[in-house]
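Reproduced below: entry-v6.tsv, with TSV, C-alpha atoms and all ligand atoms.
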```tsv
chain	number	residue	atom	x	y	z
B	1	MET	CA	0.00	0.00	0.00
B	2	SER	CA	1.41	3.40	-0.86
B	3	GLU	CA	2.20	5.79	1.94
B	4	SER	CA	-0.47	8.23	0.83
B	5	HIS	CA	-3.21	5.62	1.24
B	6	THR	CA	-2.05	4.07	4.47
B	7	LEU	CA	-4.59	3.95	7.25
B	8	PRO	CA	-3.70	2.50	10.61
B	9	THR	CA	-4.42	-1.17	11.06
B	10	TYR	CA	-7.24	-0.50	13.37
B	11	TYR	CA	-7.38	0.07	17.06
B	12	ARG	CA	-8.32	-2.88	19.19
B	13	PHE	CA	-9.88	-2.16	22.54
B	14	GLU	CA	-10.36	-5.14	24.79
B	15	GLN	CA	-12.13	-3.28	27.56
B	16	PRO	CA	-15.08	-0.91	27.46
B	17	ILE	CA	-14.04	2.53	26.39
B	18	VAL	CA	-15.41	6.01	26.33
B	19	GLY	CA	-13.18	7.70	23.81
B	20	MET	CA	-12.79	11.14	22.35
B	21	ILE	CA	-11.88	11.62	18.72
B	22	TRP	CA	-10.93	14.85	17.02
B	23	ALA	CA	-8.65	16.37	14.40
B	24	GLN	CA	-6.52	19.40	15.16
B	25	THR	CA	-3.84	21.61	13.68
B	26	ASN	CA	-0.32	21.77	15.11
B	27	GLN	CA	-1.56	24.64	17.29
B	28	GLY	CA	-4.59	22.70	18.51
B	29	ILE	CA	-7.29	24.35	16.39
B	30	ILE	CA	-10.33	22.10	15.86
B	31	GLY	CA	-12.86	24.52	14.38
B	32	ALA	CA	-13.50	27.80	12.61
B	33	ASP	CA	-16.80	29.55	11.92
B	34	GLY	CA	-18.85	26.52	12.96
B	35	GLY	CA	-16.92	24.10	10.75
B	36	MET	CA	-13.46	22.68	10.26
B	37	PRO	CA	-10.90	24.82	8.40
B	38	TRP	CA	-9.55	22.00	6.21
B	39	HIS	CA	-10.78	19.33	3.85
B	40	LEU	CA	-9.20	15.97	4.53
B	41	PRO	CA	-11.14	12.97	3.17
B	42	GLU	CA	-8.51	10.60	4.57
B	43	ASP	CA	-9.34	11.81	8.07
B	44	MET	CA	-13.06	11.45	7.41
B	45	ALA	CA	-12.44	7.85	6.37
B	46	HIS	CA	-10.42	7.26	9.54
B	47	PHE	CA	-13.17	8.83	11.66
B	48	LYS	CA	-15.74	6.58	10.03
B	49	ARG	CA	-13.63	3.50	10.49
B	50	VAL	CA	-13.12	4.19	14.19
B	51	THR	CA	-16.70	5.16	15.04
B	52	LEU	CA	-18.77	2.91	12.75
B	53	SER	CA	-21.20	0.62	14.63
B	54	HIS	CA	-20.66	2.54	17.85
B	55	PRO	CA	-22.67	5.36	19.39
B	56	VAL	CA	-21.41	8.90	18.92
B	57	VAL	CA	-22.08	11.72	21.38
B	58	MET	CA	-21.86	15.36	20.35
B	59	GLY	CA	-22.92	18.89	21.15
B	60	ARG	CA	-25.68	20.56	19.18
B	61	LYS	CA	-23.19	22.84	17.40
B	62	THR	CA	-21.17	19.90	16.11
B	63	TRP	CA	-24.40	18.29	14.84
B	64	ASP	CA	-25.23	21.58	13.12
B	65	SER	CA	-21.79	21.59	11.49
B	66	PHE	CA	-22.64	18.47	9.46
B	67	PRO	CA	-24.38	19.10	6.15
B	68	GLU	CA	-27.98	17.92	6.47
B	69	LYS	CA	-27.50	15.13	3.94
B	70	PHE	CA	-24.69	13.62	6.05
B	71	ARG	CA	-26.61	13.44	9.30
B	72	PRO	CA	-27.33	11.37	11.21
B	73	LEU	CA	-23.98	9.66	10.71
B	74	PRO	CA	-25.07	6.26	9.36
B	75	ASP	CA	-24.80	3.00	11.32
B	76	ARG	CA	-24.17	4.85	14.56
B	77	THR	CA	-26.61	6.03	17.24
B	78	ASN	CA	-26.20	9.81	17.05
B	79	ILE	CA	-26.72	11.34	20.48
B	80	VAL	CA	-26.91	15.12	20.59
B	81	VAL	CA	-27.04	17.26	23.73
B	82	THR	CA	-28.78	20.62	23.91
B	83	HIS	CA	-30.26	22.84	26.59
B	84	GLN	CA	-32.96	24.03	24.18
B	85	GLU	CA	-36.37	22.76	25.14
B	86	GLY	CA	-38.29	21.72	22.07
B	87	TRP	CA	-35.24	21.44	19.79
B	88	ALA	CA	-35.78	17.68	19.52
B	89	ALA	CA	-39.06	18.33	17.72
B	90	THR	CA	-37.51	20.61	15.08
B	91	PRO	CA	-36.64	19.38	11.56
B	92	GLU	CA	-32.93	20.05	12.30
B	93	ALA	CA	-32.97	17.32	14.94
B	94	ARG	CA	-34.28	14.61	12.64
B	95	GLY	CA	-32.28	11.41	13.09
B	96	ALA	CA	-30.72	12.40	16.43
B	97	VAL	CA	-31.35	11.03	19.88
B	98	VAL	CA	-31.64	14.33	21.74
B	99	LEU	CA	-30.85	14.59	25.44
B	100	GLU	CA	-30.49	17.47	27.84
B	101	SER	CA	-27.41	16.40	29.76
B	102	LEU	CA	-24.12	14.67	29.10
B	103	ASP	CA	-24.69	12.27	31.98
B	104	GLN	CA	-27.83	11.07	30.26
B	105	ALA	CA	-26.02	11.00	26.93
B	106	LEU	CA	-23.21	8.76	28.19
B	107	VAL	CA	-25.67	6.33	29.81
B	108	GLU	CA	-27.79	6.21	26.67
B	109	ALA	CA	-24.68	5.67	24.57
B	110	GLN	CA	-23.51	2.73	26.66
B	111	LEU	CA	-26.95	1.12	26.26
B	112	SER	CA	-26.97	1.66	22.48
B	113	PRO	CA	-25.76	-0.88	19.89
B	114	GLY	CA	-21.96	-1.10	20.05
B	115	GLY	CA	-21.99	0.75	23.39
B	116	ASN	CA	-18.93	-1.11	24.64
B	117	GLU	CA	-17.13	1.64	22.70
B	118	VAL	CA	-18.61	5.11	22.98
B	119	TRP	CA	-17.14	7.91	20.89
B	120	VAL	CA	-17.49	11.50	21.99
B	121	ILE	CA	-16.95	13.50	18.82
B	122	GLY	CA	-17.00	17.08	20.10
B	123	GLY	CA	-16.96	19.95	20.08
B	124	ARG	CA	-14.86	21.73	22.64
B	125	GLN	CA	-17.72	22.45	25.07
B	126	VAL	CA	-18.60	18.78	25.17
B	127	PHE	CA	-15.00	17.52	25.36
B	128	ASP	CA	-14.38	19.76	28.38
B	129	GLN	CA	-17.28	18.20	30.25
B	130	VAL	CA	-16.62	14.54	29.44
B	131	ILE	CA	-12.83	14.39	29.56
B	132	GLU	CA	-12.94	13.10	33.16
B	133	ASP	CA	-15.11	10.17	32.04
B	134	CYS	CA	-12.98	9.23	29.03
B	135	ASN	CA	-10.12	6.75	28.92
B	136	VAL	CA	-8.96	7.04	25.29
B	137	ALA	CA	-8.34	9.85	22.82
B	138	ILE	CA	-7.64	9.41	19.12
B	139	ILE	CA	-6.29	12.65	17.74
B	140	THR	CA	-5.45	13.42	14.15
B	141	VAL	CA	-2.77	16.07	13.92
B	142	ILE	CA	-2.84	18.01	10.68
B	143	ASN	CA	0.41	19.64	9.70
B	144	THR	CA	-1.01	23.12	9.17
B	145	ASP	CA	-1.15	26.39	11.05
B	146	VAL	CA	-4.51	27.49	9.66
B	147	PRO	CA	-6.30	29.77	12.15
B	148	GLY	CA	-9.62	29.07	13.85
B	149	ASP	CA	-11.81	29.92	16.81
B	150	THR	CA	-12.22	26.59	18.61
B	151	GLU	CA	-9.37	24.75	20.32
B	152	ALA	CA	-8.87	21.16	21.38
B	153	PRO	CA	-9.02	20.43	25.09
B	154	GLY	CA	-5.72	19.88	26.88
B	155	LEU	CA	-4.88	16.36	28.03
B	156	GLY	CA	-3.61	16.40	31.63
B	157	LEU	CA	-0.72	14.43	33.11
B	158	GLU	CA	-2.94	11.40	33.66
B	159	TRP	CA	-2.92	10.91	29.89
B	160	SER	CA	-0.04	9.29	28.05
B	161	PHE	CA	0.95	8.83	24.44
B	162	ARG	CA	0.39	5.25	23.19
B	163	GLY	CA	1.40	5.40	19.56
B	164	ALA	CA	1.03	7.07	16.21
B	165	SER	CA	0.54	6.27	12.58
B	166	PRO	CA	2.95	6.77	10.96
B	167	LYS	CA	5.38	6.20	13.81
B	168	GLU	CA	7.53	9.10	12.56
B	169	GLY	CA	6.66	11.94	10.26
B	170	TRP	CA	3.43	12.31	8.33
B	171	HIS	CA	1.05	10.66	5.95
B	172	THR	CA	0.46	12.76	2.85
B	173	ALA	CA	-3.13	13.09	1.66
B	174	LYS	CA	-4.06	13.11	-2.02
B	175	ASN	CA	-4.48	16.89	-1.77
B	176	GLY	CA	-0.97	17.23	-0.31
B	177	THR	CA	-2.04	17.83	3.32
B	178	GLU	CA	0.19	16.10	5.87
B	179	TYR	CA	-1.38	14.40	8.87
B	180	ARG	CA	-0.82	11.69	11.46
B	181	PHE	CA	-3.08	9.69	13.76
B	182	THR	CA	-2.13	9.61	17.45
B	183	LEU	CA	-3.47	7.50	20.28
B	184	TRP	CA	-3.60	8.63	23.90
B	185	ALA	CA	-4.95	6.82	26.96
B	186	LYS	CA	-5.43	7.46	30.61
B	187	GLY	CA	-3.89	5.58	33.53
B	188	ASP	CA	-2.51	2.06	33.20
B	189	SER	CA	-4.88	0.93	30.47
B	190	GLU	CA	-3.23	-1.12	27.73
B	191	PHE	CA	-4.31	-0.45	24.18
B	192	GLU	CA	-3.03	-1.59	20.84
B	193	SER	CA	-1.66	1.32	18.88
B	194	PRO	CA	-1.89	1.24	15.11
B	195	GLU	CA	1.15	0.60	12.95
B	201	LIG	N1	-11.84	19.05	14.40
B	201	LIG	C1	-12.69	18.22	14.98
B	201	LIG	O1	-12.40	17.02	15.11
B	201	LIG	C2	-14.00	18.75	15.50
B	201	LIG	C3	-14.88	17.89	16.17
B	201	LIG	C4	-16.08	18.42	16.63
B	201	LIG	C5	-16.39	19.75	16.43
B	201	LIG	N2	-15.48	20.55	15.78
B	201	LIG	C6	-15.77	21.98	15.60
B	201	LIG	O2	-16.00	22.56	16.88
B	201	LIG	C7	-16.94	23.64	16.73
B	201	LIG	C8	-18.11	23.36	17.65
B	201	LIG	O3	-17.66	23.18	18.99
B	201	LIG	P1	-18.29	24.00	20.21
B	201	LIG	O4	-17.44	23.75	21.41
B	201	LIG	O5	-18.53	25.41	19.77
B	201	LIG	O6	-19.75	23.37	20.38
B	201	LIG	P2	-20.27	21.86	20.72
B	201	LIG	O7	-19.57	21.35	21.92
B	201	LIG	O8	-20.31	21.04	19.48
B	201	LIG	O9	-21.81	22.18	21.06
B	201	LIG	C9	-22.11	23.06	22.11
B	201	LIG	C10	-23.61	22.98	22.36
B	201	LIG	O10	-23.93	21.70	22.93
B	201	LIG	C11	-24.95	21.85	23.89
B	201	LIG	N3	-24.40	21.48	25.19
B	201	LIG	C12	-23.11	21.59	25.65
B	201	LIG	N4	-23.00	21.09	26.89
B	201	LIG	C13	-24.23	20.65	27.24
B	201	LIG	C14	-24.75	20.02	28.40
B	201	LIG	N5	-23.99	19.74	29.46
B	201	LIG	N6	-26.07	19.70	28.43
B	201	LIG	C15	-26.87	19.96	27.36
B	201	LIG	N7	-26.43	20.55	26.23
B	201	LIG	C16	-25.12	20.90	26.17
B	201	LIG	C17	-25.38	23.30	23.84
B	201	LIG	O11	-26.37	23.35	22.82
B	201	LIG	P3	-27.54	24.46	22.78
B	201	LIG	O12	-26.86	25.75	22.44
B	201	LIG	O13	-28.45	23.95	21.70
B	201	LIG	O14	-28.17	24.45	24.15
B	201	LIG	C18	-24.11	24.00	23.38
B	201	LIG	O15	-24.33	25.26	22.79
B	201	LIG	C19	-17.30	23.67	15.26
B	201	LIG	O16	-16.43	24.57	14.59
B	201	LIG	C20	-17.01	22.26	14.79
B	201	LIG	O17	-16.75	22.16	13.40
B	201	LIG	C21	-14.31	20.07	15.31
```
For the structure just supplied, provide its representation as structure tokens.
Ligand SMILES: NC(=O)c1ccc[n+]([C@@H]2O[C@H](COP(=O)([O-])OP(=O)(O)OC[C@H]3O[C@@H](n4cnc5c(N)ncnc54)[C@H](OP(=O)(O)O)[C@@H]3O)[C@@H](O)[C@H]2O)c1
Amino acid sequence: MSESHTLPTYYRFEQPIVGMIWAQTNQGIIGADGGMPWHLPEDMAHFKRVTLSHPVVMGRKTWDSFPEKFRPLPDRTNIVVTHQEGWAATPEARGAVVLESLDQALVEAQLSPGGNEVWVIGGRQVFDQVIEDCNVAIITVINTDVPGDTEAPGLGLEWSFRGASPKEGWHTAKNGTEYRFTLWAKGDSEFESPE
């Protein structure tokens, strides 16, 4: 397989996980103007491969950031949190399981198909509130300094680096963008990192 098409040989988790997954720039930018300031199909494929068949939990703004035709994300229970009463009954919410708290969202996710692995997919507001409950983070680092208005959460000292794909350097996307997939976990948990 050529370098530009390499995806990690996928993560194997042998214990229940509540993971976070995001893509960021070198400076930690994850969003700009309600969307993501890059186009990287290889990362979308990676995201799909990691989250498929598992529930995904997100904030209402992240849900809104998906074009209507791409939501709900197929073959995944899409759980969206909002404080807005009545939002669940609006056309925008079609296809989402709408809940009013993250505690409820994480319980619902664990009871959903594939709930042995729950993926919290953002954005920043939601990451900040669930990070305590998460044990894994899969972070795509994109080799760009493009500006934005939303930053990734910081991982504290209880988190440690468990591997990257590629091990050194970058993959190069078809459009020339460089990126790498990194795996982080909390505590003593053992996880397989991709090649
Ligand atoms: N690069 C990446 O991997 C990635 C991933 C995800 C998102 N993003 C980007 O991040 C940006 C969005 O992130 P964000 O931090 O602004 O917003 P967000 O976390 O996606 O959504 C925030 C919204 O979620 C709801 N919410 C948050 N906490 C809640 C709680 N405890 N209970 C109930 N509802 C709650 C509220 O909705 P209401 O206002 O409806 O009450 C709040 O306004 C976008 O630019 C998006 O593209 C990037």
Can you sort out the box for segment 69-82 of chain B, edges along x, y and z, all listed atoms in, 6 Å on every side, with centre and edge lengths in Å to one decimal, as JSON?
```
{"center_x": -26.4, "center_y": 11.8, "center_z": 13.9, "size_x": 16.8, "size_y": 29.6, "size_z": 32.0}
```
Do a neighbour search on segment 98-114 of chain B at 7 Å with all atoms listed in the file, toss out local chain neighbours closer than 6 positions, and write the hits as a PyMOL selection string. chain B and resi 53-55+57+77+79-83+88
Fewer than 3 positions away in the same chain doesn't count, so skip those; otherwise give me all residues within 10 Å of Ala23 of chain B, counting only C-alpha atoms, as a list in words. Asn26, Gly28, Ile29, Ile30, Gly31, Met36, Trp38, Leu40, Asp43, Met44, Phe47, Ile121, Ile138, Ile139, Thr140, Val141, Ile142, Ala152, Tyr179, Arg180, Phe181 and Thr182 of chain B
Given the point (-13.6, 1.9, 22.3) in the file's coordinates, find the residues that have an atom at most 9 Å from it, counting all atoms listed in the file, and give them as a ChimeraX atom specification. /B:11-19,50-51,54,115-119,135-136
Those residues you just picked out, can you put them in a file as a PDB file, keeping the file's coordinate frame with C-alpha atoms?
```pdb
ATOM      1  CA  TYR B  11      -7.380   0.070  17.060  1.00  0.00           C
ATOM      2  CA  ARG B  12      -8.320  -2.880  19.190  1.00  0.00           C
ATOM      3  CA  PHE B  13      -9.880  -2.160  22.540  1.00  0.00           C
ATOM      4  CA  GLU B  14     -10.360  -5.140  24.790  1.00  0.00           C
ATOM      5  CA  GLN B  15     -12.130  -3.280  27.560  1.00  0.00           C
ATOM      6  CA  PRO B  16     -15.080  -0.910  27.460  1.00  0.00           C
ATOM      7  CA  ILE B  17     -14.040   2.530  26.390  1.00  0.00           C
ATOM      8  CA  VAL B  18     -15.410   6.010  26.330  1.00  0.00           C
ATOM      9  CA  GLY B  19     -13.180   7.700  23.810  1.00  0.00           C
ATOM     10  CA  VAL B  50     -13.120   4.190  14.190  1.00  0.00           C
ATOM     11  CA  THR B  51     -16.700   5.160  15.040  1.00  0.00           C
ATOM     12  CA  HIS B  54     -20.660   2.540  17.850  1.00  0.00           C
ATOM     13  CA  GLY B 115     -21.990   0.750  23.390  1.00  0.00           C
ATOM     14  CA  ASN B 116     -18.930  -1.110  24.640  1.00  0.00           C
ATOM     15  CA  GLU B 117     -17.130   1.640  22.700  1.00  0.00           C
ATOM     16  CA  VAL B 118     -18.610   5.110  22.980  1.00  0.00           C
ATOM     17  CA  TRP B 119     -17.140   7.910  20.890  1.00  0.00           C
ATOM     18  CA  ASN B 135     -10.120   6.750  28.920  1.00  0.00           C
ATOM     19  CA  VAL B 136      -8.960   7.040  25.290  1.00  0.00           C
TER      20      VAL B 136
END
```
Enter the distance from atom CA of Leu155 of chain B to atom CA of Lys61 of chain B, in Å, rounded to one decimal. 22.1 Å
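Comparing B:Asp133, B:Glu68, B:Glu42, B:Glu151 by their smallest distance to ligand LIG 201 (chain B), the closest is B:Glu151 (using only C-alpha atoms and all ligand atoms).
Reported to one decimal place, the separation of atom CA of Arg124 of chain B from atom O1 of ligand LIG 201 (chain B) is 9.2 Å.
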Calculated over all atoms listed in the file, which of the candidates B:Gly122, B:Pro67, B:Gly95, B:Pro74 has the smallest distance to ligand LIG 201 (chain B)? B:Gly122
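With all atoms listed in the file as the atoms that count, the residue of B:Phe70, B:Ile21, B:Asp33, B:Gly59 with the shortest distance to Gln84 of chain B is B:Gly59.
Atom CA of Pro166 of chain B to atom P1 of ligand LIG 201 (chain B) spans 28.9 Å [interatomic distance, one decimal].
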Could you check which of B:Arg60, B:His171, B:Lys48, B:Arg94 is closest to ligand LIG 201 (chain B), using all atoms listed in the file? B:Arg60
Hey, what's within 10 Å of Gly154 of chain B if we count only C-alpha atoms and toss same-chain stuff fewer than 6 positions away? As number ranges by chain, please? B: 28, 127-128, 131
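Proximity of B:Gly169, B:Pro91, B:Gly176, B:Gly148 to ligand LIG 201 (chain B), computed with all atoms listed in the file, is greatest for B:Gly148.
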Min atom-atom distance to Trp159 of chain B from the set B:Glu132, B:Glu85, B:Glu92, B:Asp145, counting only C-alpha atoms, belongs to B:Glu132
May I have the residues within 7 Å of segment 160-164 of chain B as a PDB file with C-alpha atoms, in the coordinates of the input, using all atoms listed in the file and disregarding those fewer than 3 positions away in the same chain?
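What landed in result_23.pdb:
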```pdb
ATOM      1  CA  LYS B 167       5.380   6.200  13.810  1.00  0.00           C
ATOM      2  CA  ARG B 180      -0.820  11.690  11.460  1.00  0.00           C
ATOM      3  CA  PHE B 181      -3.080   9.690  13.760  1.00  0.00           C
ATOM      4  CA  THR B 182      -2.130   9.610  17.450  1.00  0.00           C
ATOM      5  CA  LEU B 183      -3.470   7.500  20.280  1.00  0.00           C
ATOM      6  CA  TRP B 184      -3.600   8.630  23.900  1.00  0.00           C
ATOM      7  CA  ALA B 185      -4.950   6.820  26.960  1.00  0.00           C
ATOM      8  CA  LYS B 186      -5.430   7.460  30.610  1.00  0.00           C
ATOM      9  CA  SER B 193      -1.660   1.320  18.880  1.00  0.00           C
ATOM     10  CA  PRO B 194      -1.890   1.240  15.110  1.00  0.00           C
TER      11      PRO B 194
END
```
Residue rebuild result segment 116-133 of chain B, N, CA and C atoms as a PDB file, keeping the file's coordinate frame:
```pdb
ATOM      1  N   ASN B 116     -20.192  -0.783  23.954  1.00  0.00           N
ATOM      2  CA  ASN B 116     -18.930  -1.110  24.640  1.00  0.00           C
ATOM      3  C   ASN B 116     -17.842  -0.102  24.272  1.00  0.00           C
ATOM      4  N   GLU B 117     -17.998   0.523  23.111  1.00  0.00           N
ATOM      5  CA  GLU B 117     -17.130   1.640  22.700  1.00  0.00           C
ATOM      6  C   GLU B 117     -18.028   2.823  22.420  1.00  0.00           C
ATOM      7  N   VAL B 118     -17.855   3.868  23.188  1.00  0.00           N
ATOM      8  CA  VAL B 118     -18.610   5.110  22.980  1.00  0.00           C
ATOM      9  C   VAL B 118     -17.631   6.149  22.456  1.00  0.00           C
ATOM     10  N   TRP B 119     -18.025   6.871  21.431  1.00  0.00           N
ATOM     11  CA  TRP B 119     -17.140   7.910  20.890  1.00  0.00           C
ATOM     12  C   TRP B 119     -17.760   9.282  21.054  1.00  0.00           C
ATOM     13  N   VAL B 120     -17.098  10.098  21.846  1.00  0.00           N
ATOM     14  CA  VAL B 120     -17.490  11.500  21.990  1.00  0.00           C
ATOM     15  C   VAL B 120     -16.769  12.256  20.885  1.00  0.00           C
ATOM     16  N   ILE B 121     -17.543  12.932  20.046  1.00  0.00           N
ATOM     17  CA  ILE B 121     -16.950  13.500  18.820  1.00  0.00           C
ATOM     18  C   ILE B 121     -16.903  15.023  18.839  1.00  0.00           C
ATOM     19  N   GLY B 122     -17.188  15.630  19.996  1.00  0.00           N
ATOM     20  CA  GLY B 122     -17.000  17.080  20.100  1.00  0.00           C
ATOM     21  C   GLY B 122     -18.287  17.836  20.294  1.00  0.00           C
ATOM     22  N   GLY B 123     -18.195  19.186  20.228  1.00  0.00           N
ATOM     23  CA  GLY B 123     -16.960  19.950  20.080  1.00  0.00           C
ATOM     24  C   GLY B 123     -16.308  20.232  21.431  1.00  0.00           C
ATOM     25  N   ARG B 124     -15.656  21.383  21.468  1.00  0.00           N
ATOM     26  CA  ARG B 124     -14.860  21.730  22.640  1.00  0.00           C
ATOM     27  C   ARG B 124     -15.700  21.755  23.923  1.00  0.00           C
ATOM     28  N   GLN B 125     -16.889  22.364  23.852  1.00  0.00           N
ATOM     29  CA  GLN B 125     -17.720  22.450  25.070  1.00  0.00           C
ATOM     30  C   GLN B 125     -17.985  21.062  25.629  1.00  0.00           C
ATOM     31  N   VAL B 126     -18.278  20.148  24.734  1.00  0.00           N
ATOM     32  CA  VAL B 126     -18.600  18.780  25.170  1.00  0.00           C
ATOM     33  C   VAL B 126     -17.343  18.061  25.649  1.00  0.00           C
ATOM     34  N   PHE B 127     -16.241  18.171  24.922  1.00  0.00           N
ATOM     35  CA  PHE B 127     -15.000  17.520  25.360  1.00  0.00           C
ATOM     36  C   PHE B 127     -14.653  17.960  26.792  1.00  0.00           C
ATOM     37  N   ASP B 128     -14.767  19.262  27.053  1.00  0.00           N
ATOM     38  CA  ASP B 128     -14.380  19.760  28.380  1.00  0.00           C
ATOM     39  C   ASP B 128     -15.179  19.084  29.501  1.00  0.00           C
ATOM     40  N   GLN B 129     -16.422  18.754  29.201  1.00  0.00           N
ATOM     41  CA  GLN B 129     -17.280  18.200  30.250  1.00  0.00           C
ATOM     42  C   GLN B 129     -17.169  16.689  30.399  1.00  0.00           C
ATOM     43  N   VAL B 130     -16.673  16.006  29.359  1.00  0.00           N
ATOM     44  CA  VAL B 130     -16.620  14.540  29.440  1.00  0.00           C
ATOM     45  C   VAL B 130     -15.202  14.000  29.668  1.00  0.00           C
ATOM     46  N   ILE B 131     -14.213  14.872  29.578  1.00  0.00           N
ATOM     47  CA  ILE B 131     -12.830  14.390  29.560  1.00  0.00           C
ATOM     48  C   ILE B 131     -12.527  13.530  30.802  1.00  0.00           C
ATOM     49  N   GLU B 132     -13.125  13.879  31.933  1.00  0.00           N
ATOM     50  CA  GLU B 132     -12.940  13.100  33.160  1.00  0.00           C
ATOM     51  C   GLU B 132     -13.428  11.659  33.002  1.00  0.00           C
ATOM     52  N   ASP B 133     -14.471  11.481  32.196  1.00  0.00           N
ATOM     53  CA  ASP B 133     -15.110  10.170  32.040  1.00  0.00           C
ATOM     54  C   ASP B 133     -14.482   9.344  30.925  1.00  0.00           C
TER      55      ASP B 133
END
```
